[in-house]
Every structure is written in structure tokens, then in C-alpha cells.
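One structure is given here, and the rest of the page talks about it.
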Number of protein chains: 2
Amino acid sequence: MTTSFRVWAPNARQLTLQLDGHDHRMPAVGGGWWALEVESAGPGSRYAFGVDRGPARPDPRSHSQPDGVHGPSEVVDHDVFRWHDTRWRGLSLQGSVLYELHIGTFSPAGTFDGALPYLDHLVELGVDAIELLPVAEFSGDRGWGYDGVDLFAPHHTYGGPDGLKRLVDACHLRGLGVVMDVVYNHLGSSGNYLPEFGPYFSDGRQTHWGPAVNFDGPESGEVRRFVIDNALMWLRDYHCDGLRLDAVHAVIDESPLHILEQLASEVDALACHLRKPLFLIAESDLNDPRLVESSARGGYGLQAAWADDWHHALHAVLTGERDGYYADYGSLSDLTKALRQAWVYDGRFSVYQRKERGRRPTGLKGHQFVVCTQNHDQIGNRARGERLACLTTPARLKLAAALLLTSPFVPLLFQGEEWAAGTPFQYFVDFEDPDLRTAVRDGRRREFARFGWDPEQLPDPNDPQTFARSKLDWTELDQHEHLDICNWYRRLICLRRTVPALTDPRLDRHQVTCDGAGSWFLIQRGRYLVAASLSPSPAVVPVPERTTLVAASGSSVSLYGQDLLLPPDHAAILETP
Amino acid sequence: MTTSFRVWAPNARQLTLQLDGHDHRMPAVGGGWWALEVESAGPGSRYAFGVDRGPARPDPRSHSQPDGVHGPSEVVDHDVFRWHDTRWRGLSLQGSVLYELHIGTFSPAGTFDGALPYLDHLVELGVDAIELLPVAEFSGDRGWGYDGVDLFAPHHTYGGPDGLKRLVDACHLRGLGVVMDVVYNHLGSSGNYLPEFGPYFSDGRQTHWGPAVNFDGPESGEVRRFVIDNALMWLRDYHCDGLRLDAVHAVIDESPLHILEQLASEVDALACHLRKPLFLIAESDLNDPRLVESSARGGYGLQAAWADDWHHALHAVLTGERDGYYADYGSLSDLTKALRQAWVYDGRFSVYQRKERGRRPTGLKGHQFVVCTQNHDQIGNRARGERLACLTTPARLKLAAALLLTSPFVPLLFQGEEWAAGTPFQYFVDFEDPDLRTAVRDGRRREFARFGWDPEQLPDPNDPQTFARSKLDWTELDQHEHLDICNWYRRLICLRRTVPALTDPRLDRHQVTCDGAGSWFLIQRGRYLVAASLSPSPAVVPVPERTTLVAASGSSVSLYGQDLLLPPDHAAILETP
């Protein structure tokens, strides 16, 4: 058995491989790389690198960190795992419904294997793919995952590389796709040894969360490869179907070939080789069509982008909240605009950001936008991590679900949303460094003090109870009120799968009408109509002759000839002749 | 006579207009603006603004600073000047030859009016437009102009607003266009009071020369207007025909509508209104097609970009220099590539920048690139500001001119190049602050110490003699060897004007052949051939039957049937049947 160890360290004068208690000098092999073949090593061997006689550090491209971010790396051979998903021919993002989940809180066990018993629930629900919050090794035993530092290593507490493969395999066998959330705009602060190896970070450019990644400075070529190879790894070695790229507005690249465009073209080449669709979804607050425009039109060629405007416009109307960025939303006309074209800010002035924001989505298709009524950020970045179910009535939750699941966009659900889970999703970390623990807790307290929160009322992110509290309680599904919501989600997703008009992506064929008083909406999707009323009193919505009622969010919705009677906060789906 | 004073200061609590020794409180008029109409003021009135009872500062949009950057502003009425250029219908960049000049050193007087007697020389030379190094008010009496701080005010030592108008008017009457060099990536450090008025600069983003301009942060809307209004002012109020945008690689804008795209679209609208062509030329080291691609193809829609690669590839071959960025050039194959498509770095790895640089210019036209054999930067950023004439032989100078002026690109000359001026163009400043003076001098000394320069041998940028030494010596034109070069430039420009093949912008129809040994080039432009030899011994270049010699850089170039005999360092232009 022979293992080839390789590491990039362009400014190092000496590289040492530490393997099973022995030090091996590594020869430089050109291009800033150092490499050594070792006969006695194989899968399971533990190793680390020393740069210029410095301390032993994990491999920047470590595929497994069994002892966490500070421990040695473990050799992994991706060819050993026995896959069963040979018949899986991939997932098309168009027409799909995504289900965002966090491994640590989705199941009681909080592991990849722990999620397996709950996959059949997702199949029955009717979603097409799960989207995992980042699983790359981050510091500690619990966390959302956005401060990963070993980007190639699935977290050891989740079950490491084999655990993730078992989960993907099990999903594919059930017809579920897997989307992986990946973070390429910064790395976590604890356990980030990359700067000792090379210029992975930009001089002087900062993101909100730490130094920006060096995508366009000297030596950026290998940093770009690091990121692209990482993306390709999830798609090739772990059989993932797509990636969700976290906060790409913080990916700064001034070079003529933007890293996102290069990534998209390399993923496209892999898709050709694998003969299955692969897709990239960007999270961005820029509302920039360039993300999803084709390369021929000067775009980056990603398949879709998150459209937070859709969420904010709906959330502000449903809850009446106007704190923080919700200050920019709240009118029914903005909600109408979101329902029509996802982006409310399409070049319009944002009072919250104090500048013009976005650009018109001219010519874009519905499936190029991912929308939701809640997600990990919208829930977890609240002071106490409350779900929408805590903030509004069951009737309005069902109305929101109807708008979401009949939209021409790609709907995304957040774990437990489908039954209005009562558990929160709070912000939790597990840093060992006391200063970092204090900084995270106090930073959050300061942020929410601006909105009048008493620090003592806020959960401490470091407290294991904050994590425990955020776990789904699957027994809620035994209760009638939760099951009622869940059945409505199932009904809507089933309709979406069976009625082609509901997934028609042509935004120019899709009309949204709002009545004069702004109390109800009528959305026309081909021969289908979606009606929703936010009026405090019953609304009468005129519909064409011979229209029939297909589904309603409550039994008191009724159709009398050409008059649809919608009680307050109700929604209905109708079919015209 | 009534004058309306307006200023933007969004965070101010109080704004005072100081006018003729009196203070006037200005009311806020919304959007962060403050405004006041004053009856007693008119053109020539001096005024300043005080923010929150702070010291009197010039108007950020001052149109005239008669006493320099720290003094009061002067009211200017653009409607008063009497223009004579009503028959001027604008200039097309396609097919043009540009002539870069610096007002302070172009004429003995160093003013706008001082340049007038020399315009007829330019008309005889045959160039189409002058391109002025920046004239916006900068600190002190002398400088290149790239550290301007009152961007709307032509420098008082050059002759202020009326002086500039007289120069543009005189150019237009002679059929010469005027291009203005403008700097939107940073402001000079001395006399920059803009931060007292508003968030003109980005938090945390730096350029090489100072804080980056705030094009995408909060309140960036008015900062963008400031820059766009400035550009429109030169084109509308001063009748300029185009702008050269300095170092746009340092214009950082992550918003979906890049400031350069917005600028291009607003300039296009002005061109429609004025019914004449207007153009924007970017200086950029990114080799990014996006700059000049149309908006429909995802580009910014600028008309052209400087292609420094063309210069560097030629300079390195002609001089053998390999210092600094010339390390990336020097091969004949790179020169061939530059002659063919302007960009040598079209995605290729740059050893000097330690990353891949540029992108393929697929589909671009020749007139979208501005090329030169020398310019203010390539000369002035040398330790002692020597022109190419000091670094190579007259024969090679003439060969370089032939390659430049027969190229499919837009040729740009630097003042005096056309007669191989013996005067240098050194780096000069005139800061009053002793610390800034020392910092500039020592910074330059440190930079050149890396290349082995003795600090004592370097000119002091602050020394008035450094400026005086850089002025053109027009009496050189009385000397035979200077006149000989000048006649060659005239001959080449005349040919370029008369032979359509030489300005044909289709890069895919333009062949560049280099012989096996790399000693000569043959460039095919339609029925015309350009031959140039850099071989140390005479070269015999095969040409088609019945080819005739149109022009040669020396009398010993001769054509014997199908053999063109080129002595070392000679060039010829030929016509095939």
C-alpha cells in the first residue's frame, strides 16, 4: 500500500510530513508543491505537515479530521466506498422543491446516519432534494457550519466521509437529490492554519466574518484551484447533485474570469463527464442578473440565486415587523412585485442600505431564483431563533405555503417548517477558546441590544442547551395541529408536481393582480389561479365562468359561480376552463 | 444677478455659505443637499462652505479654484463663453491617432493658451485629437495631474475654465478633437476636503494611491452622480470629445450596475442629445473584454481600453530591458501576439504578477485597443524619465513608429515623440507640506533602489528644475536628425489616413508572420504588407509577385522582384497586386 502526500506551500523553505510518529522531509516538486510517496501509509493513517520546522498542522486539503480541526488528518481513499446509486441519473433544479436541513439538529442523533430514518418522511412530503447546511470540519462539536476550516473534510461528529456517503447513497436510492452548502468567501477563525501554508487570503480585504479569500492577487491560481477542487470533490466523490454557494457577494474577484464563472464552467465539464445534471446556486444580496446570466451574455452561468427579497416582502406583510432590513419592505405592492419577479430591489433605492440596490431581472426564468418563507438565516439570525410559526397564525402559515409552493421560482423549505415545528433554530457554536466564546456571545448581545433586547433574555450561543433546544422534535407530528399543516404542504407539493402550469418558469406569462384596496391577490399561472386574502374581513374575488376550486387552505373557502369567497388569511387554488 | 449655491453633505447638522466675508446659513433641501439662492453673487464671486461650524472649505463641485486647492471657490457661468466651434461635428475614435500632452510641459508657457501656437504643428503631423493629462485642480503649481482634488475645476495655473475652453475651441476650429484624462479611482491627498462633506470614500478599501471611492456602499448614489456629472461636464460644458479614465482596475464596484456601465450609458445619452460621437477610453491592466463589450453582452460598453501589453512586448524586444514588469515580456513570439491581438496576457500566467492575467479578446475590434510605443507613464515612471529615444537607436525608433501607425489599433503618441525629443518627462510634484514632499521623494528613491539606483542620481520630484527639465524644447525641430524622425511620422500618419486597409479593425483578417529564426515580421493588412526586421544582419523577406514598395524607414531598403531586402532594424510598407 502506497500513499502520495502532497501539499502546496509556495513560500516555505522546508516541509515535513509527520506520519505515525515519524518525520519525513518532503521534496519540493515545483509550482510551490511538496510531495512524498510513503509505502507504509494507507486509509486510516494519521498525518500532519510542518512548515519551516513549525508545529504540526492538518493538511489544508485534509479529507478527514477524526479529532477535530487541531488534530492530525486521516488518509481517505474515495474508491473504497461501495455505492448503490448507480441508477441515479441526477436531479434537475427546474421544477424541484428543496429542503434545507442541518445535520446536527435534524435528527435526535445529529449525525448523517441519524438522518436516514427520516428520509421517508421527506419522500412522502414530496420534496426533490435535501440541502445540507455546511458539513466541512469546523471547530468544536456543534455549529451551523459556516465557520468551517477543513473544507474537504466532512465533520467528524456527523460521521466523517463514509457517513456522508451513506446519507447521499440513501437519498439517491429514495429518489432524493443532495445539495451541499459550501462557504468560499472566508474561513472560520478557530483552526484556520491555511495562512501558514500560503497566501490563501487577500491583503487588506475583509469580509464581515474575516479576511477575504485571495481570488485575484499573486498566487491566486492555486487558491482558485483549492476552491474549485473542493466543489468538484463534493459533486464527484460524494455524488452530490448541486452546491449552494454561501454569500457570494463577499467573494471579491476583480480578475477578468470571475471565480464563479470559472467554477460554473468546470462544474459543467464534470456534468458532461458524469452524464448527469449538476447545478450551482448562489446566495447573494446583490440582486445581480450576472450571477445567472450565461457566459455568452457576460454572466457567470450559475443555475440559480437565492432571492431573499421574496422572503422579506412576505415576512414583513405577514408579521408587520419593520426592524433591521425589514424596514425596506412591508407594502402589498412590494409583495406583488416579489410574487411576479422575485426581486423587489431591481435598481430601486434601498432606505436600509442607503443606496440603489439590484438590477432588473429582464429575461430571467423562474427557476433561476430560490425562494422561501423561512430558512436557517431568517430564523436563526433572530434574537431567539423563532420560526415563522411563532410569529403568525396557522392560517397565515398555510397562506404563505400556498404562495411559496405555487410560485414559478424554486421553493425551499427549512427542516420542520412543513409541520410548523415548535422548536427554534438558534445560533450555536462550540469554541474552546474562552475569548472567542465571549466575543461571539457579546457581539450577538450588542447587536440585539439595538433592537431593545435584554441580554439576559438571549440564548448563549456557547451553551449546549442552545443547541439541544434547536433540535427538531419529531413527536410533534403526532399532534393534530402539526399534522394539519403538514398535510397542506403535502397537498401543495403534490399539486406542484402534477400541474405543469405551476412550474412554468416564464415570468412574462405570469400575472399578479392585487385588488384596489390591497386586501387580496390573484395570481394567474396558465389556466390556474392562486387567490390569497390578507384582508381582516372576508373577500370576494371575481373569477371567470366555470372556474373550479382545486385546493383551499381552509374548509370555509367557497366558490359561488364567479365569486370566490375567501375568509381572512386564506388561500385557494383554482382551475379555469 | 442671482446665484444658486448647492452642496451635498448628508451627515451635516449645519451648513454655512461664506460669501464675500459674510456667513449665510443654508437650509437643508432634502436628500442630504443644502441650498441657498443669493442675489448679490455672480460669476467671479468667491465662496466657501463650512460644515458643522468647521473651517471654510472649497465647494466639492467647485468649477474654479483661483488660489489653489485650499482657497475659496469661484462662481463660474458656463453660458457666458463664446464658442466658435459650432461646425464641429465630433470625432470618431475609429481610425483616429491620439496625441497625449501635458499642459504644463507642452509649451514654454505651460498653460492652455501657451499650447495654441503649437496646434498647427499637430495638424501638419496629422493626428486627430489631443489627449490632455488631467487638468483638474491639484495641490501646488506643477504636477502630472493624477492627484487632483477639485475634479470640476481646471487648474488655475493652466488658465482655469476659460483657458481650457479657448484651447478646445481652437482645436475644434483646426479639426482636432480633445480627449480629457480623468481620475475616478482616488483623489489626491493634499487639499482633499471631500470626507468632511460626505462618505465619498470606501471604508477599508484602499488603492495604491489612497482610499478607494465609494461606488457601492451606503450613500454611494450621490458619489456616483458626482463622478458621472463630472464626466458629463467635460463633454457638455467644455465640448470635449472623449474621456480617458485613469486606472479603472482600481475602481472597485460590486453593485449590479457597475459605475463604468452607468457612465457609458449616460455618456451615450448625452451623445444622442448633442448629436455627435462621444467616447470613453479605459486605462486598465486587467485585459478584461468586459470593459469594451456591449451592455447587451454583459459588458460596460466603453469604446476602447489601453493595451499596455502592446507597449511592453515591443519595448522589451527593442531595449532588451527585463526589469520590473518587463520580466513578463521580451520574446518575439509575444511581440507577434501583441501585433496580432494587442493582449499578450489573455488568460496566460504572468510570472511578474504571479497569477493568470487577462482573458481572450474574442470578437473584439482593433479600434477597441489604444496602443503606443511610449506614454507619460512608460517614460515618467522610469527612474530618470528617459524617452525611448534615449534607450534605442533612431532606426529602431522608426521601426517602432511603423509598427504603431500601421496597426489595426488606435495609436497614441506622447508629446515630442514625433521628433524623438531629447527632453525627459520626469515625475514632478509641488506639495507645500514638507512631510508629503519627503515621503514622495523617499518613496521613489526606495522603489528605484531595488533596481540598483543611487538615490543621489535620481531627480527630486519637488525640485522646480525637475519640472523645467521636462518641458519640450521645440527648437529641436530645427535639427536635421529630429526633423528626419518627424517626417517619418508624418509620412506614416498620412499613409494611415489614405490607405483603408491600415485602419481595418477586423483582427481576424490581419495576419502576422514571423520567420523561423524570429528575425523579421511580415504583417498582412488587406493588400498591404508591413515588414520589419530586428535581425543584426540584413534580412531577405519573400513577397508576392508584382509587389511595390510604398514607404521605407531608410533609403537602403530595396525590393528586387519577390525579395525585399531589409537592413537591420528597418521597416517597409508594401502594396501587393
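All residue names refer to the C-alpha cells as shown: chains lettered A, B, ... in order, residues numbered from 1 in each chain, ligands numbered from 1 in order.
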**Request:** Define the interface residues of chain A facing chain B as those within 6 Å, counting only C-alpha atoms, and report them as a count of residues only.
**Result:** 13
**Message:** Can you tell me which residues surround Pro542 in chain A at a distance of at most 7 Å, considering only C-alpha atoms, apart from same-chain residues fewer than 3 positions away, and format the answer as an MDAnalysis selection string?
**Reply:** chainID A and resid 562:564
Requested write-out: C-alpha atoms of the selected residues, as a CSV table (one decimal), in the first residue's frame:
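Result went into selection00.csv, see below:
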chain,number,residue,atom,x,y,z
A,562,GLN,CA,-68.0,33.6,-10.4
A,563,ASP,CA,-67.4,34.7,-6.8
A,564,LEU,CA,-64.7,33.2,-4.7
**Request:** Show which residues sit within 10 Å of range 555-560 of chain B, as a ChimeraX atom specification. Count only C-alpha atoms, and ignore same-chain residues fewer than 3 positions away.
**Result:** /B:538,540-543,547-549,551-552,563-568,570-572,574
For the residues in the current selection, export N, CA and C atoms as a PDB file, in the first residue's frame.
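Now in selection_31.pdb:
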ATOM      1  N   PRO B 538      21.343  41.812 -42.563  1.00  0.00           N
ATOM      2  CA  PRO B 538      20.245  42.112 -43.493  1.00  0.00           C
ATOM      3  C   PRO B 538      19.348  40.891 -43.694  1.00  0.00           C
ATOM      4  N   VAL B 540      16.243  38.947 -45.929  1.00  0.00           N
ATOM      5  CA  VAL B 540      15.589  38.888 -47.235  1.00  0.00           C
ATOM      6  C   VAL B 540      14.189  38.320 -47.000  1.00  0.00           C
ATOM      7  N   VAL B 541      13.187  39.140 -47.247  1.00  0.00           N
ATOM      8  CA  VAL B 541      11.812  38.748 -46.949  1.00  0.00           C
ATOM      9  C   VAL B 541      11.102  38.460 -48.275  1.00  0.00           C
ATOM     10  N   PRO B 542      10.566  37.236 -48.443  1.00  0.00           N
ATOM     11  CA  PRO B 542       9.874  36.928 -49.702  1.00  0.00           C
ATOM     12  C   PRO B 542       8.505  37.603 -49.743  1.00  0.00           C
ATOM     13  N   VAL B 543       8.212  38.251 -50.874  1.00  0.00           N
ATOM     14  CA  VAL B 543       6.910  38.912 -51.026  1.00  0.00           C
ATOM     15  C   VAL B 543       6.296  38.442 -52.337  1.00  0.00           C
ATOM     16  N   THR B 547       4.712  43.039 -56.203  1.00  0.00           N
ATOM     17  CA  THR B 547       4.587  43.902 -55.017  1.00  0.00           C
ATOM     18  C   THR B 547       5.395  45.178 -55.250  1.00  0.00           C
ATOM     19  N   THR B 548       4.865  46.298 -54.736  1.00  0.00           N
ATOM     20  CA  THR B 548       5.626  47.552 -54.864  1.00  0.00           C
ATOM     21  C   THR B 548       5.901  48.133 -53.479  1.00  0.00           C
ATOM     22  N   LEU B 549       7.004  48.853 -53.394  1.00  0.00           N
ATOM     23  CA  LEU B 549       7.418  49.454 -52.134  1.00  0.00           C
ATOM     24  C   LEU B 549       6.705  50.804 -51.987  1.00  0.00           C
ATOM     25  N   ALA B 551       6.620  52.677 -48.745  1.00  0.00           N
ATOM     26  CA  ALA B 551       7.373  53.542 -47.835  1.00  0.00           C
ATOM     27  C   ALA B 551       8.405  52.688 -47.113  1.00  0.00           C
ATOM     28  N   ALA B 552       9.532  53.316 -46.782  1.00  0.00           N
ATOM     29  CA  ALA B 552      10.582  52.581 -46.082  1.00  0.00           C
ATOM     30  C   ALA B 552      11.209  53.494 -45.043  1.00  0.00           C
ATOM     31  N   ASP B 563      11.963  39.602 -53.674  1.00  0.00           N
ATOM     32  CA  ASP B 563      12.804  39.649 -52.481  1.00  0.00           C
ATOM     33  C   ASP B 563      12.871  41.081 -51.953  1.00  0.00           C
ATOM     34  N   LEU B 564      12.421  41.236 -50.730  1.00  0.00           N
ATOM     35  CA  LEU B 564      12.565  42.541 -50.080  1.00  0.00           C
ATOM     36  C   LEU B 564      13.823  42.481 -49.229  1.00  0.00           C
ATOM     37  N   LEU B 565      14.745  43.407 -49.457  1.00  0.00           N
ATOM     38  CA  LEU B 565      15.970  43.440 -48.677  1.00  0.00           C
ATOM     39  C   LEU B 565      15.798  44.466 -47.554  1.00  0.00           C
ATOM     40  N   LEU B 566      15.806  43.964 -46.335  1.00  0.00           N
ATOM     41  CA  LEU B 566      15.643  44.837 -45.170  1.00  0.00           C
ATOM     42  C   LEU B 566      16.950  44.866 -44.382  1.00  0.00           C
ATOM     43  N   PRO B 567      17.616  46.011 -44.333  1.00  0.00           N
ATOM     44  CA  PRO B 567      18.798  46.114 -43.463  1.00  0.00           C
ATOM     45  C   PRO B 567      18.352  45.983 -42.003  1.00  0.00           C
ATOM     46  N   PRO B 568      19.279  45.732 -41.091  1.00  0.00           N
ATOM     47  CA  PRO B 568      18.911  45.581 -39.675  1.00  0.00           C
ATOM     48  C   PRO B 568      18.073  46.761 -39.182  1.00  0.00           C
ATOM     49  N   HIS B 570      15.125  47.857 -39.832  1.00  0.00           N
ATOM     50  CA  HIS B 570      14.379  48.659 -40.797  1.00  0.00           C
ATOM     51  C   HIS B 570      12.972  48.104 -40.992  1.00  0.00           C
ATOM     52  N   ALA B 571      12.115  48.976 -41.489  1.00  0.00           N
ATOM     53  CA  ALA B 571      10.725  48.601 -41.742  1.00  0.00           C
ATOM     54  C   ALA B 571      10.313  49.140 -43.106  1.00  0.00           C
ATOM     55  N   ALA B 572       9.362  48.462 -43.707  1.00  0.00           N
ATOM     56  CA  ALA B 572       8.869  48.908 -45.016  1.00  0.00           C
ATOM     57  C   ALA B 572       7.391  48.613 -45.117  1.00  0.00           C
ATOM     58  N   LEU B 574       4.487  47.871 -48.057  1.00  0.00           N
ATOM     59  CA  LEU B 574       4.423  47.448 -49.458  1.00  0.00           C
ATOM     60  C   LEU B 574       2.981  47.226 -49.874  1.00  0.00           C
TER      61      LEU B 574
END
**Surrounding residues of range 465-471 of chain B excluding itself and chain neighbours under 6 positions, 9 Å, only C-alpha atoms, as a ChimeraX atom specification** = /B:104-108,110,142-143,385,423-429,459
**Request:** Name the residues in contact with Arg509 in chain A at a cut-off of 12 Å, using only C-alpha atoms, excluding same-chain residues fewer than 4 positions from it; report them as a ChimeraX atom specification.
**Result:** /A:340-341,363,365-366,408,501-505,523-527
**Contacts of Gly198 in chain B at 10 Å (only C-alpha atoms; same-chain gap of 5+ positions) as a PyMOL selection string** = chain B and resi 8-12+32+60+193+219-220+222-223
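Residue nearest Ala28 in chain B, chosen from B:Ser45, B:Thr438, B:Arg6, B:Ser407 and counting only C-alpha atoms: B:Arg6.
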**Prompt:** Pick from A:Glu100, A:Glu196, A:Glu137, A:Asp147: nearest to Val7 in chain A, with only C-alpha atoms counted?
**Reply:**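 The answer is A:Glu196, which sits nearest to Val7 in chain A.
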**Request:** Using DSSP on the backbone coordinates, identify all residues within range 42-248 of chain B classified as strand (DSSP E or B); present the result as a PyMOL selection string.
**Result:** chain B and resi 46-51+56-57+73-74+98-101+129-132+136-138+148-154+177-182+201-207+210-213+242-245
Near Gln374 in chain A, within 9 Å and counting only C-alpha atoms, which residues show up once chain neighbours fewer than 5 positions away are dropped, as a tab-separated table (two decimals) with C-alpha atoms, in the first residue's frame?
chain	number	residue	atom	x	y	z
A	311	HIS	CA	-38.95	36.22	1.81
A	315	HIS	CA	-42.45	38.21	6.06
A	379	ILE	CA	-34.95	32.03	11.69
A	387	ARG	CA	-39.73	30.22	13.38
A	388	LEU	CA	-42.48	31.96	11.43
A	412	LEU	CA	-37.01	25.90	-0.41
A	413	LEU	CA	-38.34	24.64	2.92
A	414	PHE	CA	-36.46	24.66	6.21
A	417	GLU	CA	-41.41	24.05	8.51
**Asked** What is the CA of Gly30 in chain A-CA of Asn214 in chain A distance in Å, reported with one decimal?
**Response**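 If I compute the distance from CA of Gly30 in chain A to CA of Asn214 in chain A, I get 20.8 Å.
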What are the closest atom pairs, with distances in Å to one decimal, for all residues of range 109-149 of chain A lying within 12 Å of range 173-181 of chain A? Consider only C-alpha atoms, order rows by chain and residue number, and present the result as a Markdown table.
| residue | atom | partner | partner_atom | distance |
| --- | --- | --- | --- | --- |
| A:Leu116 | CA | A:Arg174 | CA | 10.6 |
| A:Pro117 | CA | A:Arg174 | CA | 11.8 |
| A:Tyr118 | CA | A:Arg174 | CA | 11.5 |
| A:Leu119 | CA | A:Arg174 | CA | 8.0 |
| A:Asp120 | CA | A:Arg174 | CA | 7.8 |
| A:His121 | CA | A:Arg174 | CA | 10.9 |
| A:Leu122 | CA | A:Leu176 | CA | 8.4 |
| A:Val123 | CA | A:Arg174 | CA | 7.2 |
| A:Glu124 | CA | A:Arg174 | CA | 10.5 |
| A:Leu125 | CA | A:Leu176 | CA | 11.3 |
| A:Gly126 | CA | A:Leu176 | CA | 9.3 |
| A:Val127 | CA | A:Leu176 | CA | 7.6 |
| A:Asp128 | CA | A:Leu176 | CA | 5.3 |
| A:Ala129 | CA | A:Gly177 | CA | 4.1 |
| A:Ile130 | CA | A:Val178 | CA | 5.1 |
| A:Glu131 | CA | A:Val179 | CA | 4.4 |
| A:Leu132 | CA | A:Met180 | CA | 5.2 |
| A:Leu133 | CA | A:Asp181 | CA | 5.3 |
| A:Pro134 | CA | A:Asp181 | CA | 4.8 |
| A:Val135 | CA | A:Asp181 | CA | 7.9 |
| A:Ala136 | CA | A:Asp181 | CA | 9.4 |
| A:Trp144 | CA | A:Asp181 | CA | 10.9 |
| A:Gly145 | CA | A:Asp181 | CA | 9.1 |
| A:Tyr146 | CA | A:Asp181 | CA | 9.0 |
| A:Gly148 | CA | A:Asp181 | CA | 11.3 |
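Put simply, CA of Glu418 in chain A is 13.6 Å away from CA of Ala395 in chain A.
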**Request:** Within range 343-505 of chain B, find each residue whose DSSP state, derived from the backbone, is alpha helix (DSSP H), and express the selection as a PyMOL selection string.
**Result:** chain B and resi 376-380+394-405+434-449+464-469+480-498+500-503
